[in-house]
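Data file: my_file-v8.txt. Format and content: compact mmCIF, C-alpha atoms.
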# COMPACT_ATOMS: atom_id res chain seq x y z
CA MET H 15 74.42 10.30 117.08
CA ASN H 16 75.93 9.27 120.40
CA CYS H 17 79.07 11.34 120.06
CA ALA H 18 77.54 14.65 121.15
CA GLU H 19 80.92 16.03 122.14
CA TRP H 20 82.10 15.66 118.56
CA GLU H 21 79.12 17.44 117.02
CA THR H 22 80.62 20.94 116.93
CA ARG H 23 83.96 19.77 115.57
CA VAL H 24 82.35 17.55 112.94
CA ALA H 25 80.12 20.46 111.88
CA LEU H 26 83.14 22.72 111.57
CA HIS H 27 85.07 20.07 109.70
CA ALA H 28 82.15 19.60 107.28
CA GLY H 29 82.57 23.20 106.20
CA GLY H 30 86.36 23.05 106.07
CA ASP H 31 86.92 25.17 109.16
CA LEU H 32 89.42 22.89 110.86
CA THR H 33 93.09 22.64 110.01
CA GLY H 34 96.13 20.76 111.21
CA GLY H 35 95.77 18.76 114.38
CA GLU H 36 92.06 19.53 114.88
CA ALA H 37 91.19 18.28 111.41
CA ALA H 38 93.32 15.16 111.87
CA ASP H 39 91.58 14.36 115.16
CA VAL H 40 88.15 14.59 113.55
CA GLU H 41 89.25 12.53 110.56
CA ARG H 42 90.50 9.84 112.86
CA HIS H 43 87.22 9.80 114.77
CA LEU H 44 85.16 9.68 111.60
CA GLY H 45 87.11 6.61 110.55
CA GLU H 46 86.16 4.89 113.79
CA CYS H 47 82.55 6.08 114.29
CA SER H 48 79.92 5.30 111.68
CA ALA H 49 77.34 7.56 113.32
CA CYS H 50 79.64 10.57 113.14
CA GLN H 51 80.58 9.58 109.62
CA ALA H 52 76.88 9.65 108.63
CA PHE H 53 76.40 12.92 110.49
CA TRP H 54 79.33 14.47 108.66
CA SER H 55 78.02 13.18 105.33
CA ASP H 56 74.54 14.62 105.95
CA LEU H 57 76.02 17.96 106.93
CA ARG H 58 77.98 18.08 103.70
CA GLU H 59 74.90 17.13 101.71
CA SER H 60 72.67 19.78 103.25
CA LEU H 61 75.36 22.42 102.73
CA ALA H 62 75.62 21.32 99.10
CA VAL H 63 71.87 21.79 98.67
CA LEU H 64 72.06 25.31 100.06
CA GLN H 65 75.13 26.23 98.05
CA SER H 66 73.65 25.01 94.78
CA ALA H 67 70.46 26.97 95.44
CA HIS H 68 72.52 30.01 96.39
CA ALA H 69 74.31 29.86 93.05
CA ASP H 70 71.04 30.58 91.25
CA LEU H 71 70.97 34.33 90.96
CA PRO H 72 67.85 36.49 90.88
CA ALA H 73 66.65 37.54 87.44
CA PRO H 74 68.73 40.30 85.81
CA GLY H 75 65.76 42.65 86.05
CA HIS H 76 66.13 42.79 89.82
CA PHE H 77 69.72 44.01 89.52
CA THR H 78 68.67 46.54 86.90
CA ALA H 79 65.90 47.82 89.15
CA VAL H 80 68.34 48.45 92.00
CA ARG H 81 70.77 50.17 89.65
CA SER H 82 68.04 52.42 88.29
CA ARG H 83 66.82 53.35 91.76
CA VAL H 84 70.32 54.19 92.94
CA MET H 85 71.11 56.28 89.86
CA ALA H 86 67.81 58.13 90.12
CA GLU H 87 68.47 58.90 93.77
CA LEU H 88 71.99 60.09 93.06
CA GLN H 89 70.77 62.36 90.25
CA HIS H 90 68.08 63.70 92.50
CA ARG H 91 70.61 64.50 95.21
CA ALA H 92 73.05 66.01 92.75
CA ARG H 93 70.58 68.81 91.95
CA PRO H 94 69.44 70.13 95.29
CA TRP H 95 68.50 73.49 93.78
CA ARG H 96 65.67 71.79 91.94
CA ARG H 97 64.30 70.46 95.15
CA LEU H 98 64.80 73.84 96.81
CA ALA H 99 63.06 75.58 93.92
CA TRP H 100 60.19 73.16 94.07
CA ILE H 101 59.78 73.62 97.82
CA SER H 102 60.04 77.41 97.44
CA GLY H 103 57.46 77.39 94.67
CA VAL H 104 55.03 75.41 96.77
CA ALA H 105 55.61 77.72 99.72
CA VAL H 106 55.02 80.85 97.66
CA ALA H 107 51.88 79.39 96.10
CA ALA H 108 50.56 78.41 99.52
CA ALA H 109 51.28 81.87 100.90
CA ALA H 110 49.54 83.51 97.95
CA ALA H 111 46.50 81.27 98.34
CA LEU H 112 46.37 82.07 102.05
CA LEU H 113 46.60 85.78 101.36
CA VAL H 114 43.81 85.65 98.81
CA ALA H 115 41.64 83.64 101.16
CA LEU H 116 42.13 85.96 104.10
CA TRP H 117 42.21 89.36 102.38
CA PRO H 118 38.43 90.12 102.34
CA ALA H 119 38.10 89.19 105.98
CA ARG H 120 40.85 91.53 107.09
CA VAL H 121 39.41 94.64 105.34
CA ALA H 122 36.01 95.74 106.69
CA PRO H 123 33.42 96.15 103.95
CA GLU H 124 32.49 99.70 103.18
CA ALA H 125 29.22 100.71 104.84
CA PRO H 126 26.41 101.34 102.40
CA ARG H 127 25.78 105.01 101.88
CA LEU H 128 22.18 104.96 103.01
CA LEU H 129 22.35 108.48 104.31
CA ALA H 130 22.94 109.76 100.84
CA SER H 131 19.40 108.74 99.93
CA ILE H 132 17.87 110.52 102.86
CA PRO H 133 16.72 113.97 101.84
CA PRO H 134 18.17 116.81 103.86
CA ALA H 135 16.12 118.04 106.76
CA PRO H 136 13.81 120.96 105.91
CA GLN H 137 14.93 124.35 107.03
CA VAL H 138 12.96 125.35 110.07
CA ALA H 139 12.67 128.97 111.04
CA LYS H 140 14.02 129.78 114.45
CA VAL H 141 11.18 130.56 116.80
CA SER H 142 11.79 132.42 119.98
CA PRO H 143 10.25 130.89 123.10
CA PRO H 144 7.37 132.75 124.68
CA ALA H 145 8.25 135.19 127.34
CA ALA H 146 6.33 133.25 129.99
CA VAL H 147 8.48 130.22 129.47
CA THR H 148 11.71 132.10 129.45
CA ALA H 149 10.61 133.94 132.55
CA ALA H 150 9.70 130.82 134.50
CA PRO H 151 11.24 130.75 137.91
CA SER H 152 14.07 128.40 138.40
CA ILE H 153 13.14 125.22 140.21
CA PRO H 154 15.59 123.53 142.53
CA ARG H 155 17.14 120.34 141.23
CA ALA H 156 15.93 118.42 144.26
CA PHE H 157 12.41 119.03 143.19
CA TRP H 158 12.83 117.31 139.90
CA LEU H 159 14.33 114.37 141.53
CA GLU H 160 11.49 113.99 144.02
CA ALA H 161 8.55 114.85 141.80
CA PRO H 162 6.37 111.96 140.53
CA ALA H 163 6.88 110.96 136.97
CA GLY H 164 4.92 112.97 134.46
CA SER H 165 3.84 115.54 137.03
CA SER H 166 5.73 118.35 135.49
CA PRO H 167 7.90 118.64 132.40
CA ARG H 168 11.53 119.41 132.77
CA PRO H 169 12.58 122.68 131.45
CA GLY H 170 13.98 122.41 127.99
CA SER H 171 12.40 118.97 127.44
CA HIS H 172 10.11 120.41 124.85
CA GLY H 173 10.08 123.40 122.64
CA THR H 174 11.97 124.45 119.64
CA SER H 175 15.39 123.49 120.87
CA ARG H 176 14.46 119.78 120.54
CA GLY H 177 13.19 120.17 117.00
CA ARG H 178 16.53 121.12 115.62
CA ARG H 179 18.64 118.27 114.66
CA PRO H 180 22.04 118.36 113.14
CA SER H 181 22.42 118.05 109.47
CA ALA H 182 22.95 114.51 108.16
CA ARG H 183 26.18 115.58 106.59
CA SER H 184 27.67 117.29 109.60
CA MET B 30 78.34 49.36 91.13
CA ARG B 31 77.86 46.50 88.68
CA ARG B 32 80.88 44.78 90.18
CA TYR B 33 79.30 44.61 93.61
CA GLU B 34 75.60 44.38 92.87
CA ARG B 35 75.59 40.58 93.06
CA LEU B 36 77.40 40.68 96.38
CA VAL B 37 75.00 43.18 97.90
CA LEU B 38 71.66 42.07 96.45
CA VAL B 39 72.19 38.33 96.92
CA THR B 40 73.53 38.73 100.46
CA ALA B 41 70.63 41.00 101.31
CA LEU B 42 68.24 38.49 99.76
CA ARG B 43 69.61 35.62 101.85
CA LEU B 44 69.46 37.70 105.02
CA SER B 45 66.11 39.40 104.50
CA GLY B 46 64.35 36.49 102.79
CA ASN B 47 62.58 38.46 100.06
CA LEU B 48 63.47 40.49 97.01
CA PRO B 49 61.66 43.78 97.76
CA ASP B 50 63.45 44.11 101.09
CA ALA B 51 66.71 43.03 99.50
CA GLN B 52 66.32 45.75 96.86
CA ASP B 53 65.59 48.39 99.49
CA VAL B 54 68.66 47.32 101.42
CA SER B 55 70.79 47.29 98.27
CA GLN B 56 69.75 50.80 97.37
CA GLU B 57 70.59 52.01 100.85
CA VAL B 58 73.97 50.24 100.81
CA PHE B 59 75.01 51.64 97.43
CA LEU B 60 74.03 55.16 98.42
CA LYS B 61 76.18 54.77 101.53
CA LEU B 62 79.00 53.44 99.37
CA TYR B 63 78.72 56.50 97.16
CA ARG B 64 79.05 58.78 100.18
CA ASN B 65 82.04 56.83 101.52
CA LEU B 66 83.93 56.13 98.31
CA GLY B 67 86.75 58.45 99.30
CA LYS B 68 87.48 56.40 102.42
CA MET B 69 87.97 53.11 100.57
CA THR B 70 91.60 52.15 100.21
CA SER B 71 91.32 48.94 98.20
CA GLU B 72 88.89 46.68 96.43
CA GLU B 73 89.17 44.17 99.24
CA ALA B 74 88.23 46.87 101.71
CA VAL B 75 85.20 47.74 99.60
CA ALA B 76 83.94 44.14 99.62
CA GLY B 77 84.42 43.78 103.39
CA TRP B 78 82.77 47.12 103.99
CA LEU B 79 79.84 46.16 101.74
CA TYR B 80 79.26 42.89 103.58
CA ARG B 81 79.31 44.67 106.92
CA VAL B 82 76.98 47.46 105.82
CA THR B 83 74.61 45.00 104.11
CA VAL B 84 74.36 42.83 107.21
CA ASN B 85 73.72 45.88 109.38
CA ALA B 86 71.14 47.28 106.98
CA CYS B 87 69.27 43.95 107.00
CA HIS B 88 69.36 43.87 110.81
CA ASP B 89 68.05 47.44 110.94
CA LEU B 90 65.29 46.63 108.48
CA ARG B 91 64.20 43.64 110.50
CA ARG B 92 64.18 45.70 113.69
CA ARG B 93 62.15 48.42 112.01
CA ARG B 94 59.65 45.92 110.78
CA GLY B 95 59.60 44.27 114.20
CA ARG B 96 58.85 40.90 112.83
CA GLU B 97 60.35 37.53 113.45
CA ASP B 98 58.35 35.07 111.45
CA SER B 99 61.08 32.53 110.98
CA LEU B 100 59.75 30.06 113.50
CA GLU B 101 56.26 30.14 112.07
CA ASN B 102 57.59 29.53 108.62
CA GLY B 103 59.83 26.77 109.89
CA ARG B 104 56.98 25.04 111.68
CA ALA B 105 54.80 25.28 108.60
CA ILE B 106 57.11 22.98 106.74
CA GLY B 107 56.11 19.37 106.80
CA LEU B 108 57.45 16.48 104.88
CA ARG B 109 57.43 17.50 101.26
CA ARG B 110 58.51 14.53 99.30
CA ARG B 111 60.97 11.73 99.40
CA GLY B 112 64.12 11.60 97.39
CA PRO B 113 67.74 12.59 97.49
CA ALA B 114 68.19 16.28 98.18
CA PRO B 115 70.98 16.86 95.62
CA GLY B 116 68.67 15.65 92.87
CA ALA B 117 65.82 17.82 94.03
CA HIS B 118 64.14 20.21 91.68
CA ARG B 119 65.74 23.62 91.41
CA GLY B 120 62.69 25.36 92.85
CA GLU B 121 62.58 22.94 95.76
CA ARG B 122 66.20 23.59 96.63
CA ALA B 123 65.63 27.32 96.45
CA ARG B 124 62.66 26.95 98.77
CA ALA B 125 64.67 24.79 101.15
CA LEU B 126 67.42 27.41 101.21
CA GLU B 127 65.00 30.25 101.87
CA LEU B 128 63.13 28.48 104.63
CA SER B 129 66.15 27.03 106.36
CA LEU B 130 67.74 30.46 106.53
CA ARG B 131 64.54 31.96 107.91
CA MET B 132 64.51 29.32 110.61
CA LEU B 133 67.90 30.40 111.91
CA PRO B 134 68.44 33.11 114.50
CA GLU B 135 69.66 36.35 112.96
CA LYS B 136 73.33 36.04 113.94
CA GLU B 137 73.64 32.40 113.00
CA ARG B 138 72.00 33.14 109.68
CA ALA B 139 74.44 35.95 108.95
CA ALA B 140 77.41 33.78 109.91
CA LEU B 141 76.24 30.88 107.75
CA VAL B 142 75.45 33.07 104.75
CA LEU B 143 78.82 34.78 104.81
CA ARG B 144 80.87 31.70 105.60
CA ASP B 145 79.15 28.88 103.68
CA LEU B 146 77.28 30.67 100.91
CA GLU B 147 79.46 33.69 100.20
CA GLY B 148 82.65 31.80 101.00
CA LEU B 149 84.31 34.32 103.30
CA SER B 150 86.96 33.13 105.71
CA THR B 151 86.14 32.94 109.41
CA GLU B 152 88.31 35.99 109.97
CA GLU B 153 86.46 37.98 107.30
CA VAL B 154 83.11 36.92 108.69
CA ALA B 155 84.18 37.99 112.16
CA ARG B 156 85.22 41.38 110.82
CA ALA B 157 81.97 41.82 108.91
CA LEU B 158 79.86 40.87 111.89
CA GLY B 159 81.96 42.75 114.41
CA SER B 160 82.55 39.67 116.54
CA SER B 161 85.36 37.27 117.36
CA GLU B 162 86.42 34.28 115.28
CA ALA B 163 85.51 31.94 118.13
CA THR B 164 81.99 33.35 118.17
CA VAL B 165 81.69 32.94 114.42
CA ARG B 166 82.84 29.32 114.59
CA SER B 167 80.29 28.60 117.26
CA GLN B 168 77.51 30.30 115.28
CA VAL B 169 78.47 28.57 112.06
CA SER B 170 78.62 25.09 113.59
CA LYS B 171 75.22 25.53 115.29
CA ALA B 172 73.71 26.87 112.07
CA ARG B 173 75.05 23.94 110.04
CA VAL B 174 73.54 21.40 112.40
CA LYS B 175 70.17 23.18 112.36
CA VAL B 176 70.19 23.48 108.58
CA LYS B 177 71.03 19.78 108.22
CA GLY B 178 68.04 18.88 110.37
CA PHE B 179 65.79 21.23 108.42
CA VAL B 180 66.88 20.01 105.01
CA GLU B 181 66.32 16.41 106.08
CA ARG B 182 62.83 17.22 107.32
CA TYR B 183 62.07 19.24 104.20
CA PHE B 184 63.00 16.47 101.85
CA GLY B 185 61.49 13.80 104.06
CA ARG B 186 64.68 12.01 104.81
CA ARG B 187 65.82 10.42 108.01
CA SER B 188 66.54 12.73 110.90

Reformat the file's structure so that it appears as C-alpha cells.
Amino acid sequence: MNCAEWETRVALHAGGDLTGGEAADVERHLGECSACQAFWSDLRESLAVLQSAHADLPAPGHFTAVRSRVMAELQHRARPWRRLAWISGVAVAAAAALLVALWPARVAPEAPRLLASIPPAPQVAKVSPPAAVTAAPSIPRAFWLEAPAGSSPRPGSHGTSRGRRPSARS
Amino acid sequence: MRRYERLVLVTALRLSGNLPDAQDVSQEVFLKLYRNLGKMTSEEAVAGWLYRVTVNACHDLRRRRGREDSLENGRAIGLRRRGPAPGAHRGERARALELSLRMLPEKERAALVLRDLEGLSTEEVARALGSSEATVRSQVSKARVKVKGFVERYFGRRS
C-alpha cells in the first residue's frame, strides 16, 4: 500500500472506530484508492477470522472446573477455625514429639548402685602406735622439703591411721 | 458467578494464551469479586471491574512467569496452506487466533481483545486498561494491522 498516512485511519475504520467526518473522509479515499480498498478488505477479513474463532467457547468442563475451585476456596475460607484447629493440632503433636524425643537426654540416668554389692569393710581394732613413734622428735618442715626422696618416711604416712577408711555408706 | 464466567475465563484465555493459566486467573478474579461485592453499584460496573481485574491478573501472571514467548511462536509459523481464511477449518482459525494474539505486545493484545473480540467501546477499553482513548485507538489500529499480516501469512495468502 502506498498510502501509508491512511493506514491508521483505515485500520480504525475497519473496526468501526470512526464516526462522522473522519469516517466520511476514509470512505471517500477508499472509493478512490484500490490499494487502500484492498487493505481495508483484508483487515475486515482477518478480524472476521479472529472473531469467529473467539466465538467458539471452551468446553463446559473448563467453566465447571473454575466454579468448583472458587466454591471450594470460599468454603475453605468461610471456616477459618478448621484451619486454625488443624494448625494447632499439628503444633501440639510436634511439641509432644519433641518433648518425647528430648526427655531422656535432659534427665541424667541414675548411676548404677555398684557400691551396694561391695561388702562392708571389716571392723579393724584400733591399735595404739608404739611409744617410740609417738615420742619421735619433731622434725622441721624444711627438712622434709630438702630431703631426698625415699630417704625418710613422713610422719603419719604409715601406720594405723592410714588403714582406716570411711564406711562405704557414710 | 455463572453470569460472568464466560467474560472472565474467555478474556483470560485470550490474554494468557492457555487454559490452565486462564483458569488460575479466573479463580483469582472471582475470589476478588467475592471480597469486593459490596462495593459494586451496578451490573455494568461489575463487568467493567471484571475486565480490568482480569487484564491486570493476566499481566501479573505473565510478569511472575517472566516469559515472553510470543515472538518465538510467531516466528515458528510458516505458510500453512492456501485457501480463503473465512472458509478455514475451525481448528485452524482457533490456532490463527491464538498465535496472532501471542504475537502482539501485551498492551496491544489487551486493547484488541477488549475492543474487537469482546466488543467493548473505546471508552470502556480505556477505562479497563487505565489509559486514554487516544492511546487505545493507537494500540487497536496497530494491533489490527499486525493481525492482518499474521493471518495472511498463516493462511498463505498475499501479504

Might I get the box with edges along x, y and z of the file that holds all atoms of stretch 45-59 of chain H listed there, padded by 4 Å on every side, given as centre and edge lengths in Å to one decimal, as JSON?
{"center_x": 80.8, "center_y": 11.5, "center_z": 108.0, "size_x": 20.6, "size_y": 21.2, "size_z": 20.6}

Task: Interface residues on chain B facing chain H, 6 Å, all atoms listed in the file, written as a count of residues only - done: 9

Open item on the list: So that I can see what lies close to B:Val180, please list as a list in words the residues with an atom at most 8 Å from it, counting all atoms listed in the file and leaving out residues fewer than 3 positions away in the same chain.
Closed with: Ser60 of chain H; Ala114, Ala125, Ser129, Val176, Lys177, Tyr183 and Phe184 of chain B

Spatial neighbours of B:Arg91, 10 Å, only C-alpha atoms, chain gap at least 4 places, as a CSV table (one decimal) with C-alpha atoms, in the frame of the given file:
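Final output, saved to out_30.csv:
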chain,number,residue,atom,x,y,z
B,44,LEU,CA,69.5,37.7,105.0
B,45,SER,CA,66.1,39.4,104.5
B,50,ASP,CA,63.4,44.1,101.1
B,85,ASN,CA,73.7,45.9,109.4
B,86,ALA,CA,71.1,47.3,107.0
B,87,CYS,CA,69.3,44.0,107.0
B,95,GLY,CA,59.6,44.3,114.2
B,96,ARG,CA,58.8,40.9,112.8
B,97,GLU,CA,60.4,37.5,113.4
B,135,GLU,CA,69.7,36.4,113.0

Open item on the list: Report, in Å to a single decimal, how far apart atom CA of B:Leu42 and atom CA of B:Val58 are.
Closed with: 13.1 Å

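Across the model, the gap from atom CA of H:Glu36 to atom CA of B:Gly159 is 25.3 Å.
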
May I have the residues within 8 Å of stretch 149-157 of chain B as a short mmCIF file (atom, residue, chain, number, x, y, z; two decimals) with C-alpha atoms, in the frame of the given file, using all atoms listed in the file and disregarding those fewer than 3 positions away in the same chain?
data_model
loop_
_atom_site.label_atom_id
_atom_site.label_comp_id
_atom_site.auth_asym_id
_atom_site.auth_seq_id
_atom_site.Cartn_x
_atom_site.Cartn_y
_atom_site.Cartn_z
CA ASP H 31 86.92 25.17 109.16
CA GLY B 77 84.42 43.78 103.39
CA TRP B 78 82.77 47.12 103.99
CA TYR B 80 79.26 42.89 103.58
CA ARG B 81 79.31 44.67 106.92
CA VAL B 84 74.36 42.83 107.21
CA ALA B 140 77.41 33.78 109.91
CA LEU B 143 78.82 34.78 104.81
CA ARG B 144 80.87 31.70 105.60
CA ASP B 145 79.15 28.88 103.68
CA SER B 160 82.55 39.67 116.54
CA SER B 161 85.36 37.27 117.36
CA GLU B 162 86.42 34.28 115.28
CA THR B 164 81.99 33.35 118.17
CA VAL B 165 81.69 32.94 114.42
CA ARG B 166 82.84 29.32 114.59
#

Task: Proximity to B:His88 - best of B:Arg31, B:Ala41, B:Leu133, B:Arg119, only C-alpha atoms - done: B:Ala41

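Distance-wise, atom CA of B:Arg138 and atom CA of B:Ala172 end up 6.9 Å apart.
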
Task: Residue among B:Leu62, B:Gly67, B:Leu90, B:Arg32 lying closest to B:Pro49, counting only C-alpha atoms - done: B:Leu90

Please rebuild stretch 176-187 of chain B with all heavy atoms and return the result as a CSV table (one decimal), in the frame of the given file.
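Output file result.csv is given in full below:
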chain,number,residue,atom,x,y,z
B,176,VAL,N,70.5,23.6,110.0
B,176,VAL,CA,70.2,23.5,108.6
B,176,VAL,C,70.1,22.0,108.1
B,176,VAL,O,69.2,21.7,107.3
B,176,VAL,CB,71.2,24.3,107.7
B,176,VAL,CG1,71.2,23.9,106.3
B,176,VAL,CG2,71.0,25.8,107.9
B,177,LYS,N,71.0,21.2,108.6
B,177,LYS,CA,71.0,19.8,108.2
B,177,LYS,C,69.7,19.2,108.6
B,177,LYS,O,69.0,18.5,107.8
B,177,LYS,CB,72.2,19.1,108.9
B,177,LYS,CG,72.1,17.6,108.9
B,177,LYS,CD,73.1,17.0,109.8
B,177,LYS,CE,72.8,15.5,110.1
B,177,LYS,NZ,71.6,15.3,110.9
B,178,GLY,N,69.3,19.4,109.9
B,178,GLY,CA,68.0,18.9,110.4
B,178,GLY,C,66.9,19.4,109.6
B,178,GLY,O,65.9,18.6,109.2
B,179,PHE,N,66.9,20.7,109.2
B,179,PHE,CA,65.8,21.2,108.4
B,179,PHE,C,65.7,20.6,107.0
B,179,PHE,O,64.6,20.3,106.5
B,179,PHE,CB,65.9,22.8,108.3
B,179,PHE,CG,64.8,23.4,107.6
B,179,PHE,CD1,63.6,23.7,108.2
B,179,PHE,CD2,65.0,23.6,106.2
B,179,PHE,CE1,62.6,24.2,107.4
B,179,PHE,CE2,63.9,24.2,105.5
B,179,PHE,CZ,62.7,24.4,106.1
B,180,VAL,N,66.9,20.5,106.4
B,180,VAL,CA,66.9,20.0,105.0
B,180,VAL,C,66.4,18.6,105.0
B,180,VAL,O,65.6,18.1,104.1
B,180,VAL,CB,68.3,20.1,104.4
B,180,VAL,CG1,68.4,19.3,103.1
B,180,VAL,CG2,68.7,21.6,104.2
B,181,GLU,N,66.8,17.8,106.0
B,181,GLU,CA,66.3,16.4,106.1
B,181,GLU,C,64.8,16.3,106.3
B,181,GLU,O,64.1,15.5,105.6
B,181,GLU,CB,67.0,15.7,107.2
B,181,GLU,CG,68.5,15.4,106.9
B,181,GLU,CD,69.3,14.8,108.1
B,181,GLU,OE1,68.7,14.9,109.2
B,181,GLU,OE2,70.4,14.4,107.9
B,182,ARG,N,64.3,17.2,107.1
B,182,ARG,CA,62.8,17.2,107.3
B,182,ARG,C,62.1,17.7,106.0
B,182,ARG,O,61.1,17.1,105.7
B,182,ARG,CB,62.4,18.2,108.5
B,182,ARG,CG,62.8,17.6,109.8
B,182,ARG,CD,62.0,18.4,110.9
B,182,ARG,NE,62.2,19.8,110.9
B,182,ARG,CZ,63.3,20.4,111.4
B,182,ARG,NH1,64.2,19.7,112.0
B,182,ARG,NH2,63.4,21.7,111.4
B,183,TYR,N,62.7,18.7,105.4
B,183,TYR,CA,62.1,19.2,104.2
B,183,TYR,C,62.0,18.2,103.1
B,183,TYR,O,60.9,18.1,102.4
B,183,TYR,CB,62.9,20.4,103.7
B,183,TYR,CG,62.2,21.2,102.6
B,183,TYR,CD1,61.3,22.1,102.8
B,183,TYR,CD2,62.6,20.9,101.3
B,183,TYR,CE1,60.7,22.8,101.7
B,183,TYR,CE2,62.0,21.5,100.2
B,183,TYR,CZ,61.0,22.5,100.4
B,183,TYR,OH,60.4,23.1,99.4
B,184,PHE,N,63.0,17.5,102.9
B,184,PHE,CA,63.0,16.5,101.8
B,184,PHE,C,62.5,15.1,102.3
B,184,PHE,O,62.7,14.1,101.6
B,184,PHE,CB,64.4,16.4,101.2
B,184,PHE,CG,64.7,17.6,100.4
B,184,PHE,CD1,65.6,18.6,100.9
B,184,PHE,CD2,64.1,17.8,99.2
B,184,PHE,CE1,65.9,19.7,100.1
B,184,PHE,CE2,64.4,19.0,98.4
B,184,PHE,CZ,65.3,19.9,98.9
B,185,GLY,N,62.1,15.0,103.6
B,185,GLY,CA,61.5,13.8,104.1
B,185,GLY,C,62.5,12.7,104.2
B,185,GLY,O,62.1,11.5,104.1
B,186,ARG,N,63.7,13.1,104.6
B,186,ARG,CA,64.7,12.0,104.8
B,186,ARG,C,64.8,11.7,106.3
B,186,ARG,O,64.2,12.4,107.1
B,186,ARG,CB,66.0,12.4,104.2
B,186,ARG,CG,65.8,12.7,102.7
B,186,ARG,CD,67.1,13.2,102.1
B,186,ARG,NE,68.2,12.3,102.1
B,186,ARG,CZ,69.3,12.5,102.6
B,186,ARG,NH1,69.6,13.6,103.2
B,186,ARG,NH2,70.3,11.6,102.5
B,187,ARG,N,65.6,10.8,106.6
B,187,ARG,CA,65.8,10.4,108.0
B,187,ARG,C,66.4,11.6,108.8
B,187,ARG,O,67.1,12.4,108.3
B,187,ARG,CB,66.7,9.2,108.1
B,187,ARG,CG,68.2,9.5,107.7
B,187,ARG,CD,69.0,8.2,107.8
B,187,ARG,NE,70.3,8.4,107.1
B,187,ARG,CZ,71.3,9.0,107.6
B,187,ARG,NH1,71.2,9.6,108.8
B,187,ARG,NH2,72.4,9.1,106.9
